$ cat final.pdb   # PDB, C-alpha atoms
ATOM      1  CA  MET A   1       0.000   0.000   0.000
ATOM      2  CA  ASN A   2       2.850   2.337   0.836
ATOM      3  CA  PHE A   3       4.420   1.614  -2.563
ATOM      4  CA  ILE A   4       1.208   2.614  -4.355
ATOM      5  CA  LEU A   5       0.889   5.827  -2.379
ATOM      6  CA  SER A   6       4.528   6.687  -3.020
ATOM      7  CA  ALA A   7       4.112   6.119  -6.743
ATOM      8  CA  VAL A   8       1.050   8.377  -6.879
ATOM      9  CA  ILE A   9       2.844  11.119  -4.984
ATOM     10  CA  VAL A  10       5.923  10.894  -7.207
ATOM     11  CA  LEU A  11       3.883  10.940 -10.434
ATOM     12  CA  GLY A  12       1.824  13.847  -9.154
ATOM     13  CA  ALA A  13       4.944  15.799  -8.329
ATOM     14  CA  ILE A  14       6.410  15.114 -11.776
ATOM     15  CA  ALA A  15       3.182  16.225 -13.453
ATOM     16  CA  LEU A  16       3.090  19.382 -11.383
ATOM     17  CA  ILE A  17       6.672  20.246 -12.198
ATOM     18  CA  ALA A  18       6.114  19.527 -15.899
ATOM     19  CA  ALA A  19       3.013  21.720 -15.941
ATOM     20  CA  VAL A  20       4.915  24.589 -14.347
ATOM     21  CA  VAL A  21       7.757  24.219 -16.843
ATOM     22  CA  LEU A  22       5.387  24.093 -19.836
ATOM     23  CA  TYR A  23       3.496  27.128 -18.582
ATOM     24  CA  ALA A  24       6.728  29.072 -18.143
ATOM     25  CA  CYS A  25       7.901  28.060 -21.640
ATOM     26  CA  SER A  26       4.584  29.025 -23.221
ATOM     27  CA  LYS A  27       4.856  32.477 -21.708
ATOM     28  CA  LYS A  28       8.554  32.857 -22.439
ATOM     29  CA  PHE A  29       8.449  31.684 -26.071
ATOM     30  CA  ALA A  30       4.913  32.739 -26.953
ATOM     31  CA  VAL A  31       4.427  33.861 -30.566
ATOM     32  CA  TYR A  32       2.075  36.791 -30.865
ATOM     33  CA  GLU A  33      -0.464  36.592 -33.683
ATOM     34  CA  ASP A  34      -2.372  39.647 -34.702
ATOM     35  CA  PRO A  35      -6.087  38.982 -34.104
ATOM     36  CA  ARG A  36      -6.861  40.816 -37.334
ATOM     37  CA  ILE A  37      -5.342  37.911 -39.305
ATOM     38  CA  GLY A  38      -8.105  35.585 -38.149
ATOM     39  CA  GLN A  39     -10.747  38.195 -38.874
ATOM     40  CA  VAL A  40      -9.420  38.760 -42.385
ATOM     41  CA  GLN A  41      -9.183  35.020 -43.009
ATOM     42  CA  GLU A  42     -12.863  34.660 -42.171
ATOM     43  CA  LEU A  43     -13.717  37.169 -44.900
ATOM     44  CA  LEU A  44     -11.675  35.350 -47.552
ATOM     45  CA  PRO A  45     -13.468  32.618 -49.543
ATOM     46  CA  GLY A  46     -11.249  29.802 -48.232
ATOM     47  CA  ALA A  47     -10.558  28.322 -51.666
ATOM     48  CA  ASN A  48      -6.798  28.052 -51.017
ATOM     49  CA  CYS A  49      -6.277  28.132 -54.785
ATOM     50  CA  GLY A  50      -3.031  30.094 -54.741
ATOM     51  CA  GLY A  51      -4.301  32.584 -57.296
ATOM     52  CA  CYS A  52      -3.302  35.466 -55.017
ATOM     53  CA  GLY A  53       0.323  34.310 -55.096
ATOM     54  CA  PHE A  54       0.338  32.833 -51.582
ATOM     55  CA  ALA A  55       0.099  29.246 -50.374
ATOM     56  CA  GLY A  56      -3.412  29.693 -49.018
ATOM     57  CA  CYS A  57      -5.945  32.068 -47.537
ATOM     58  CA  ALA A  58      -4.154  32.120 -44.169
ATOM     59  CA  ASP A  59      -0.939  33.397 -45.753
ATOM     60  CA  MET A  60      -2.959  35.883 -47.791
ATOM     61  CA  ALA A  61      -4.611  37.175 -44.620
ATOM     62  CA  GLY A  62      -1.231  37.658 -42.985
ATOM     63  CA  ALA A  63       0.068  39.500 -46.041
ATOM     64  CA  LEU A  64      -2.967  41.803 -46.049
ATOM     65  CA  VAL A  65      -2.445  42.703 -42.383
ATOM     66  CA  LYS A  66       1.260  43.393 -42.974
ATOM     67  CA  ALA A  67       0.411  45.526 -45.984
ATOM     68  CA  CYS A  68      -2.068  47.441 -43.855
ATOM     69  CA  ASP A  69       0.640  48.186 -41.304
ATOM     70  CA  ALA A  70       2.850  49.338 -44.200
ATOM     71  CA  GLY A  71       0.122  51.723 -45.333
ATOM     72  CA  SER A  72      -1.124  50.286 -48.647
ATOM     73  CA  LEU A  73      -2.948  47.234 -50.027
ATOM     74  CA  ASP A  74      -1.797  47.811 -53.598
ATOM     75  CA  GLY A  75      -0.734  44.691 -55.443
ATOM     76  CA  LEU A  76      -2.806  42.315 -53.299
ATOM     77  CA  LEU A  77      -5.973  40.808 -54.725
ATOM     78  CA  CYS A  78      -8.075  37.751 -54.056
ATOM     79  CA  PRO A  79      -9.169  36.654 -57.552
ATOM     80  CA  VAL A  80     -11.880  34.365 -56.209
ATOM     81  CA  GLY A  81     -13.537  36.893 -53.927
ATOM     82  CA  GLY A  82     -12.932  39.751 -56.311
ATOM     83  CA  GLN A  83     -13.550  43.397 -55.600
ATOM     84  CA  GLU A  84     -16.384  42.689 -53.173
ATOM     85  CA  VAL A  85     -14.251  40.680 -50.756
ATOM     86  CA  MET A  86     -11.327  43.076 -51.054
ATOM     87  CA  GLY A  87     -13.686  45.925 -50.180
ATOM     88  CA  GLN A  88     -14.800  44.093 -47.031
ATOM     89  CA  VAL A  89     -11.173  43.454 -46.045
ATOM     90  CA  ALA A  90     -10.316  47.098 -46.628
ATOM     91  CA  ASP A  91     -13.230  48.225 -44.455
ATOM     92  CA  LEU A  92     -12.130  45.871 -41.679
ATOM     93  CA  LEU A  93      -8.562  47.136 -41.777
ATOM     94  CA  GLY A  94      -9.569  50.752 -42.243
ATOM     95  CA  MET A  95      -7.825  51.031 -45.586
ATOM     96  CA  ALA A  96      -8.754  52.028 -49.112
ATOM     97  CA  VAL A  97      -8.427  49.509 -51.911
ATOM     98  CA  ALA A  98      -8.004  50.429 -55.557
ATOM     99  CA  ASN A  99     -10.552  49.199 -58.071
ATOM    100  CA  THR A 100      -9.197  46.450 -60.288
ATOM    101  CA  ASP A 101     -10.601  45.211 -63.564
ATOM    102  CA  PRO A 102     -11.945  41.650 -63.435
ATOM    103  CA  LYS A 103      -9.997  39.098 -65.437
ATOM    104  CA  VAL A 104     -10.762  35.817 -67.147
ATOM    105  CA  ALA A 105      -8.689  32.960 -68.516
ATOM    106  CA  VAL A 106      -8.263  33.043 -72.312
ATOM    107  CA  VAL A 107      -7.112  30.112 -74.441
ATOM    108  CA  ARG A 108      -4.798  31.537 -77.118
ATOM    109  CA  CYS A 109      -4.994  28.662 -79.561
ATOM    110  CA  TYR A 110      -7.547  27.630 -82.166
ATOM    111  CA  GLY A 111      -5.720  24.670 -83.635
ATOM    112  CA  THR A 112      -8.769  22.465 -84.032
ATOM    113  CA  CYS A 113      -8.691  19.118 -85.789
ATOM    114  CA  GLU A 114      -9.673  20.854 -89.025
ATOM    115  CA  ASN A 115      -7.270  23.775 -88.745
ATOM    116  CA  ARG A 116      -4.284  21.749 -87.544
ATOM    117  CA  PRO A 117      -4.136  18.220 -88.971
ATOM    118  CA  ARG A 118      -2.278  15.470 -87.173
ATOM    119  CA  ILE A 119       0.960  14.145 -88.589
ATOM    120  CA  ALA A 120       1.884  11.652 -85.859
ATOM    121  CA  GLU A 121       0.323   9.492 -83.160
ATOM    122  CA  TYR A 122       1.376   9.661 -79.512
ATOM    123  CA  ASP A 123       1.265   6.493 -77.408
ATOM    124  CA  GLY A 124       2.117   7.163 -73.797
ATOM    125  CA  LEU A 125       1.057   8.996 -70.661
ATOM    126  CA  MET A 126      -1.820  11.272 -71.708
ATOM    127  CA  THR A 127      -0.881  14.468 -69.947
ATOM    128  CA  CYS A 128       0.186  17.727 -71.513
ATOM    129  CA  ALA A 129       3.361  17.777 -69.447
ATOM    130  CA  ALA A 130       4.383  14.304 -70.672
ATOM    131  CA  VAL A 131       3.556  14.979 -74.317
ATOM    132  CA  ASN A 132       5.372  18.304 -74.254
ATOM    133  CA  ALA A 133       8.445  16.652 -72.773
ATOM    134  CA  THR A 134       8.604  14.143 -75.639
ATOM    135  CA  GLY A 135       8.416  16.672 -78.484
ATOM    136  CA  GLN A 136       5.973  18.806 -80.412
ATOM    137  CA  GLY A 137       3.058  16.387 -80.074
ATOM    138  CA  GLU A 138       0.814  14.913 -82.735
ATOM    139  CA  THR A 139       0.685  17.974 -85.012
ATOM    140  CA  GLY A 140       3.228  20.044 -86.853
ATOM    141  CA  CYS A 141       2.747  22.992 -84.471
ATOM    142  CA  GLY A 142       5.126  22.837 -81.544
ATOM    143  CA  PHE A 143       3.502  25.781 -79.761
ATOM    144  CA  GLY A 144      -0.237  25.016 -79.696
ATOM    145  CA  CYS A 145      -2.553  23.179 -77.339
ATOM    146  CA  LEU A 146      -1.805  19.497 -76.746
ATOM    147  CA  GLY A 147      -5.384  18.693 -75.777
ATOM    148  CA  CYS A 148      -4.713  16.351 -72.847
ATOM    149  CA  GLY A 149      -6.650  18.442 -70.321
ATOM    150  CA  ASP A 150      -4.086  19.295 -67.647
ATOM    151  CA  CYS A 151      -5.792  22.676 -67.309
ATOM    152  CA  THR A 152      -9.206  21.103 -66.679
ATOM    153  CA  ARG A 153      -7.836  18.946 -63.888
ATOM    154  CA  ALA A 154      -6.075  21.911 -62.288
ATOM    155  CA  CYS A 155      -9.255  24.028 -62.143
ATOM    156  CA  THR A 156     -11.062  23.656 -58.810
ATOM    157  CA  PHE A 157     -14.065  25.712 -59.928
ATOM    158  CA  ASP A 158     -15.181  23.530 -62.870
ATOM    159  CA  ALA A 159     -14.714  26.525 -65.164
ATOM    160  CA  ILE A 160     -12.794  24.906 -68.017
ATOM    161  CA  HIS A 161     -13.677  21.822 -70.067
ATOM    162  CA  MET A 162     -12.366  20.074 -73.153
ATOM    163  CA  ASN A 163     -14.472  20.324 -76.296
ATOM    164  CA  PRO A 164     -14.535  16.827 -77.869
ATOM    165  CA  GLU A 165     -15.183  18.237 -81.357
ATOM    166  CA  THR A 166     -12.325  20.749 -81.446
ATOM    167  CA  GLY A 167     -10.008  19.038 -78.967
ATOM    168  CA  LEU A 168      -9.423  22.386 -77.241
ATOM    169  CA  PRO A 169     -10.261  23.669 -73.754
ATOM    170  CA  GLU A 170     -13.117  26.146 -73.371
ATOM    171  CA  VAL A 171     -13.503  28.538 -70.451
ATOM    172  CA  ASP A 172     -16.836  29.265 -68.779
ATOM    173  CA  GLU A 173     -16.653  32.993 -68.061
ATOM    174  CA  ASP A 174     -19.368  32.829 -65.400
ATOM    175  CA  LYS A 175     -17.431  30.269 -63.350
ATOM    176  CA  CYS A 176     -13.877  31.441 -63.985
ATOM    177  CA  THR A 177     -12.353  33.281 -61.023
ATOM    178  CA  ALA A 178      -9.023  34.071 -62.708
ATOM    179  CA  CYS A 179      -7.146  32.140 -60.025
ATOM    180  CA  GLY A 180      -4.448  31.253 -62.561
ATOM    181  CA  ALA A 181      -4.320  27.523 -61.817
ATOM    182  CA  CYS A 182      -4.876  26.629 -65.479
ATOM    183  CA  VAL A 183      -2.188  29.109 -66.526
ATOM    184  CA  LYS A 184       0.358  27.362 -64.318
ATOM    185  CA  ALA A 185      -0.768  23.905 -65.436
ATOM    186  CA  CYS A 186      -0.299  24.562 -69.173
ATOM    187  CA  PRO A 187       3.260  23.586 -70.205
ATOM    188  CA  ARG A 188       3.054  25.654 -73.400
ATOM    189  CA  HIS A 189       1.635  28.788 -71.781
ATOM    190  CA  ILE A 190      -1.248  29.192 -74.208
ATOM    191  CA  ILE A 191      -3.669  30.223 -71.426
ATOM    192  CA  GLU A 192      -3.488  33.836 -70.334
ATOM    193  CA  LEU A 193      -5.355  35.930 -67.795
ATOM    194  CA  ARG A 194      -6.774  38.969 -69.589
ATOM    195  CA  LYS A 195      -9.177  41.704 -68.654
ATOM    196  CA  LYS A 196     -12.800  40.835 -69.264
ATOM    197  CA  GLY A 197     -13.324  44.252 -70.777
ATOM    198  CA  PRO A 198     -16.480  46.374 -70.840
ATOM    199  CA  LYS A 199     -19.545  44.148 -71.256
ATOM    200  CA  GLY A 200     -17.187  41.192 -71.526
ATOM    201  CA  ARG A 201     -15.807  42.394 -74.860
ATOM    202  CA  ARG A 202     -12.165  41.801 -75.697
ATOM    203  CA  VAL A 203      -9.869  41.384 -78.675
ATOM    204  CA  TYR A 204      -6.817  39.130 -78.674
ATOM    205  CA  VAL A 205      -4.540  37.065 -80.898
ATOM    206  CA  ARG A 206      -5.629  33.427 -80.697
ATOM    207  CA  CYS A 207      -2.219  32.013 -81.540
ATOM    208  CA  VAL A 208       1.180  31.567 -79.856
ATOM    209  CA  ASN A 209       3.089  30.107 -82.803
ATOM    210  CA  LYS A 210       6.482  31.756 -83.226
ATOM    211  CA  ASP A 211       7.451  30.029 -86.472
ATOM    212  CA  LYS A 212       7.884  32.051 -89.647
ATOM    213  CA  GLY A 213       4.765  32.802 -91.620
ATOM    214  CA  ALA A 214       4.995  30.068 -94.247
ATOM    215  CA  VAL A 215       5.838  27.360 -91.711
ATOM    216  CA  ALA A 216       3.155  28.496 -89.269
ATOM    217  CA  ARG A 217       0.483  28.622 -91.983
ATOM    218  CA  LYS A 218       1.465  25.172 -93.240
ATOM    219  CA  ASN A 219       0.995  23.643 -89.794
ATOM    220  CA  CYS A 220      -2.183  25.571 -88.916
ATOM    221  CA  SER A 221      -4.552  27.416 -91.241
ATOM    222  CA  VAL A 222      -5.464  30.045 -88.614
ATOM    223  CA  ALA A 223      -1.958  30.738 -87.310
ATOM    224  CA  CYS A 224      -0.506  34.213 -86.953
ATOM    225  CA  ILE A 225       2.014  34.745 -89.770
ATOM    226  CA  GLY A 226       3.496  37.996 -88.464
ATOM    227  CA  CYS A 227       2.542  39.934 -91.612
ATOM    228  CA  GLY A 228       2.205  43.200 -89.679
ATOM    229  CA  LYS A 229      -1.127  44.293 -91.166
ATOM    230  CA  CYS A 230      -2.717  44.526 -87.722
ATOM    231  CA  PHE A 231       0.230  46.558 -86.473
ATOM    232  CA  LYS A 232      -0.149  49.071 -89.303
ATOM    233  CA  VAL A 233      -3.902  49.546 -88.901
ATOM    234  CA  CYS A 234      -3.817  50.039 -85.101
ATOM    235  CA  LYS A 235      -3.817  53.751 -84.184
ATOM    236  CA  PHE A 236      -3.401  53.202 -80.447
ATOM    237  CA  GLU A 237      -0.039  51.369 -80.448
ATOM    238  CA  ALA A 238      -1.698  48.395 -78.772
ATOM    239  CA  ILE A 239      -0.144  45.775 -81.056
ATOM    240  CA  THR A 240       3.446  44.627 -81.013
ATOM    241  CA  ILE A 241       5.151  41.972 -83.151
ATOM    242  CA  GLU A 242       7.947  39.887 -81.705
ATOM    243  CA  ASN A 243       9.309  36.544 -82.906
ATOM    244  CA  ASN A 244       6.876  36.460 -85.844
ATOM    245  CA  LEU A 245       3.910  36.762 -83.472
ATOM    246  CA  SER A 246       1.493  39.625 -82.856
ATOM    247  CA  TYR A 247       0.332  40.501 -79.358
ATOM    248  CA  ILE A 248      -2.419  42.899 -78.292
ATOM    249  CA  ASP A 249      -1.917  44.811 -75.053
ATOM    250  CA  PRO A 250      -5.277  44.797 -73.220
ATOM    251  CA  ASN A 251      -4.356  48.014 -71.401
ATOM    252  CA  LYS A 252      -3.956  49.920 -74.672
ATOM    253  CA  CYS A 253      -6.562  48.260 -76.858
ATOM    254  CA  ARG A 254      -9.642  50.444 -77.517
ATOM    255  CA  LEU A 255     -11.694  47.591 -79.021
ATOM    256  CA  CYS A 256     -12.031  49.248 -82.415
ATOM    257  CA  THR A 257     -11.729  45.754 -84.034
ATOM    258  CA  LYS A 258      -9.940  47.113 -87.107
ATOM    259  CA  CYS A 259      -7.201  44.544 -86.611
ATOM    260  CA  VAL A 260      -9.805  41.778 -86.649
ATOM    261  CA  ASP A 261     -10.995  42.810 -90.098
ATOM    262  CA  GLU A 262      -7.426  43.247 -91.337
ATOM    263  CA  CYS A 263      -6.032  39.857 -90.236
ATOM    264  CA  PRO A 264      -5.730  37.606 -93.317
ATOM    265  CA  THR A 265      -5.750  34.304 -91.394
ATOM    266  CA  GLY A 266      -8.388  35.048 -88.763
ATOM    267  CA  ALA A 267      -5.894  34.692 -85.916
ATOM    268  CA  ILE A 268      -7.263  37.819 -84.224
ATOM    269  CA  VAL A 269     -10.701  37.345 -82.705
ATOM    270  CA  LYS A 270     -13.275  39.507 -80.951
ATOM    271  CA  VAL A 271     -15.457  38.154 -78.159
ATOM    272  CA  ASN A 272     -18.967  39.181 -77.057
ATOM    273  CA  PHE A 273     -19.355  41.877 -79.699
ATOM    274  CA  PRO A 274     -22.786  42.432 -81.288
ATOM    275  CA  VAL A 275     -23.236  40.931 -84.720
ATOM    276  CA  ARG A 276     -22.926  43.529 -87.457
ATOM    277  CA  LYS A 277     -25.720  43.865 -89.972
ATOM    278  CA  PRO A 278     -24.588  42.848 -93.458
ATOM    279  CA  LYS A 279     -24.084  45.740 -95.862
ATOM    280  CA  PRO A 280     -26.355  45.802 -98.933
ATOM    281  CA  ALA A 281     -24.658  44.207-101.902
ATOM    282  CA  ALA A 282     -23.486  46.597-104.614
ATOM    283  CA  PRO A 283     -25.151  46.098-108.049
ATOM    284  CA  LYS A 284     -23.140  44.121-110.545
ATOM    285  CA  PRO A 285     -21.586  46.023-113.473
ATOM    286  CA  ALA A 286     -23.847  44.262-116.023
ATOM    287  CA  GLU A 287     -26.996  45.160-114.085
ATOM    288  CA  ALA A 288     -25.830  48.749-113.679
ATOM    289  CA  LYS A 289     -25.224  49.089-117.428
ATOM    290  CA  ALA A 290     -28.624  47.557-118.227
ATOM    291  CA  ALA A 291     -30.354  50.013-115.911
ATOM    292  CA  GLU A 292     -28.693  53.062-117.485
ATOM    293  CA  PRO A 293     -30.681  53.016-120.852
ATOM    294  CA  VAL A 294     -33.979  52.678-118.986
ATOM    295  CA  LYS A 295     -33.099  55.630-116.792
ATOM    296  CA  VAL A 296     -32.039  57.684-119.812
ATOM    297  CA  ALA A 297     -35.329  56.871-121.602
ATOM    298  CA  GLU A 298     -37.361  57.893-118.555
ATOM    299  CA  ASP A 299     -35.458  61.173-118.260
ATOM    300  CA  ALA A 300     -36.014  61.894-121.972
ATOM    301  CA  GLU A 301     -39.755  61.223-121.649
ATOM    302  CA  LYS A 302     -39.994  63.555-118.666
ATOM    303  CA  THR A 303     -38.120  66.245-120.629
ATOM    304  CA  VAL A 304     -40.519  65.961-123.617
ATOM    305  CA  ILE A 305     -43.571  66.253-121.389
ATOM    306  CA  ALA A 306     -42.107  69.240-119.576
ATOM    307  CA  ASN A 307     -41.251  71.051-122.830
ATOM    308  CA  ALA A 308     -44.642  70.379-124.541
ATOM    309  CA  PRO A 309     -46.649  73.658-125.221
ATOM    310  CA  GLU A 310     -49.704  74.162-123.050
ATOM    311  CA  ALA A 311     -53.111  74.286-124.835
ATOM    312  CA  LYS A 312     -54.873  77.684-124.884
ATOM    313  CA  PRO A 313     -58.354  78.026-123.265
ATOM    314  CA  GLU A 314     -60.047  78.866-126.630
ATOM    315  CA  GLN A 315     -58.600  75.775-128.314
ATOM    316  CA  THR A 316     -59.635  73.631-125.377
ATOM    317  CA  ALA A 317     -63.252  74.919-125.519
ATOM    318  CA  LYS A 318     -63.435  74.403-129.310
ATOM    319  CA  THR A 319     -62.173  70.862-128.926
ATOM    320  CA  ASN A 320     -64.778  70.099-126.289
ATOM    321  CA  ASN A 321     -67.649  71.452-128.549
ATOM    322  CA  GLN A 322     -66.485  69.272-131.433
ATOM    323  CA  GLU A 323     -66.504  66.201-129.183
ATOM    324  CA  GLU A 324     -70.066  66.954-128.039
ATOM    325  CA  GLU A 325     -71.347  67.423-131.677
ATOM    326  CA  ALA A 326     -69.691  64.152-132.675
ATOM    327  CA  LYS A 327     -71.502  62.318-129.854
ATOM    328  CA  ALA A 328     -74.884  63.901-130.852
TER     329      ALA A 328
END
$ encode --input "final.pdb" --output "structure tokens"
Amino acid sequence: MNFILSAVIVLGAIALIAAVVLYACSKKFAVYEDPRIGQVQELLPGANCGGCGFAGCADMAGALVKACDAGSLDGLLCPVGGQEVMGQVADLLGMAVANTDPKVAVVRCYGTCENRPRIAEYDGLMTCAAVNATGQGETGCGFGCLGCGDCTRACTFDAIHMNPETGLPEVDEDKCTACGACVKACPRHIIELRKKGPKGRRVYVRCVNKDKGAVARKNCSVACIGCGKCFKVCKFEAITIENNLSYIDPNKCRLCTKCVDECPTGAIVKVNFPVRKPKPAAPKPAEAKAAEPVKVAEDAEKTVIANAPEAKPEQTAKTNNQEEEAKA
């Protein structure tokens, strides 16, 4: 019995000493966490997508609090929550946040099965990363979409899907949060985050092929050939040409769409623009020549009638009397 009591007393003393030591250590080495970090994290959507540039929403919350202490929230944006969430965070921290234009993921390739025929067959791991590591893929274009769907698997918002007819990914603008996960997943960097634009309208070059014009056109019928026509017609210096490829700066583009009409291959596209009414067709030369004699005859007839002498009242009355006598 004495042994049991001694053991209990010894264990109790050890536990008490350990508790005192742990308490002292917790106070001595305590790490202070700003309570605002937790409050900001509650306002964030909790997607942990990494689109903000941080590992998760907790790191983003800490960065926002540090930026608040530094005096500015510029450069920090939650793409999932958008301007609404950033406004709530700014109100909580007592800061002002600048308005940012919403963005959307854009697939800069239109190398469909019709536009970009296959010249080889790949037999291996069906991922874009694996196919890109082995070479240019199944087509002659070594820059375009590989069609294995790495971007669709990277998207956590179900905003991008593969079109089985074209073999290309398509982005759902209503679901896309511009988190950038698909941009990072694409090994050929054909997906870009661009401004949605007013009423969702935007103009961009749907090609990333950097081959020379003849080679690019041979491998894809809608490839950019670097002819420079779009560059010449743009009055706002929004188009640059580098490595045989045109690029439209969304910050300078005024959406005049002149470059779209000028592009000979259709590589430049416009999105969400109203459909223009077709212009009335001009008359053919043969029809125009056939209509000229008729018009001349009508003008001559009008001239004869206008130049005819008017009948005098006496002659008119005499004519009427003769008509009445003839009837009698």
$ resolve_selection --input "final.pdb" --expression "the PyMOL selection byres ((chain A and resi 179-189) around 8)" --output "PyMOL selection string"
chain A and resi 49-52+79-80+105+128-129+132+143-145+150-152+154-155+176-178+190-193
$ closest_residue --input "final.pdb" --among "A:Tyr247, A:Glu242, A:Ala120, A:Gly147" --to "Gly135 (chain A)" --atoms "all atoms listed in the file"
A:Ala120
$ residues_around --input "final.pdb" --residues "Asn251 (chain A)" --least-positions-apart "4" --cutoff "12 Å" --atoms "all atoms listed in the file" --output "PDB file with C-alpha atoms, in the coordinates of the input"
ATOM      1  CA  ASP A 101     -10.601  45.211 -63.564  1.00  0.00           C
ATOM      2  CA  ARG A 194      -6.774  38.969 -69.589  1.00  0.00           C
ATOM      3  CA  LYS A 195      -9.177  41.704 -68.654  1.00  0.00           C
ATOM      4  CA  LYS A 196     -12.800  40.835 -69.264  1.00  0.00           C
ATOM      5  CA  GLY A 197     -13.324  44.252 -70.777  1.00  0.00           C
ATOM      6  CA  ARG A 202     -12.165  41.801 -75.697  1.00  0.00           C
ATOM      7  CA  VAL A 203      -9.869  41.384 -78.675  1.00  0.00           C
ATOM      8  CA  TYR A 204      -6.817  39.130 -78.674  1.00  0.00           C
ATOM      9  CA  PHE A 236      -3.401  53.202 -80.447  1.00  0.00           C
ATOM     10  CA  GLU A 237      -0.039  51.369 -80.448  1.00  0.00           C
ATOM     11  CA  ALA A 238      -1.698  48.395 -78.772  1.00  0.00           C
ATOM     12  CA  ILE A 239      -0.144  45.775 -81.056  1.00  0.00           C
ATOM     13  CA  TYR A 247       0.332  40.501 -79.358  1.00  0.00           C
ATOM     14  CA  LEU A 255     -11.694  47.591 -79.021  1.00  0.00           C
TER      15      LEU A 255
END
$ atom_distance --input "final.pdb" --atom1 "CA of Ala90 (chain A)" --atom2 "CA of Ala67 (chain A)"
10.9 Å
$ atom_distance --input "final.pdb" --atom1 "CA of Val106 (chain A)" --atom2 "CA of Arg118 (chain A)"
23.8 Å
$ resolve_selection --input "final.pdb" --expression "the PyMOL selection byres ((chain A and resi 30-39) around 8)" --output "ChimeraX atom specification"
/A:25-29,40-43,58,61-62,65,93
$ resolve_selection --input "final.pdb" --expression "the PyMOL selection byres ((chain A and resi 119) around 10)" --output "list of chain:residue names"
A:Arg116, A:Pro117, A:Arg118, A:Ala120, A:Glu121, A:Gly137, A:Glu138, A:Thr139, A:Gly140, A:Cys141, A:Asn219
$ closest_atom_pairs --input "final.pdb" --of "region 80-134 of chain A" --to "region 264-279 of chain A" --cutoff "12 Å" --atoms "all atoms listed in the file" --output "JSON lines"
{"residue": "A:Val106", "atom": "CA", "partner": "A:Val271", "partner_atom": "CA", "distance": 10.6}
{"residue": "A:Val107", "atom": "CA", "partner": "A:Val269", "partner_atom": "CA", "distance": 11.6}
{"residue": "A:Arg108", "atom": "CA", "partner": "A:Ala267", "partner_atom": "CA", "distance": 9.4}
{"residue": "A:Cys109", "atom": "CA", "partner": "A:Ala267", "partner_atom": "CA", "distance": 8.8}
{"residue": "A:Tyr110", "atom": "CA", "partner": "A:Ala267", "partner_atom": "CA", "distance": 8.2}
{"residue": "A:Gly111", "atom": "CA", "partner": "A:Ala267", "partner_atom": "CA", "distance": 10.3}
{"residue": "A:Asn115", "atom": "CA", "partner": "A:Thr265", "partner_atom": "CA", "distance": 11.0}
$ atom_distance --input "final.pdb" --atom1 "CA of Cys234 (chain A)" --atom2 "CA of Arg206 (chain A)"
17.3 Å
$ closest_residue --input "final.pdb" --among "A:Gly87, A:Gly149, A:Gly226, A:Gly200" --to "Leu168 (chain A)" --atoms "all atoms listed in the file"
A:Gly149
$ residues_around --input "final.pdb" --residues "Leu245 (chain A)" --least-positions-apart "3" --cutoff "7 Å" --atoms "only C-alpha atoms" --output "ChimeraX atom specification"
/A:208-210,224-226,241-242
$ closest_residue --input "final.pdb" --among "A:Asp211, A:Asp249, A:Glu173, A:Glu262" --to "Lys103 (chain A)" --atoms "all atoms listed in the file"
A:Glu173
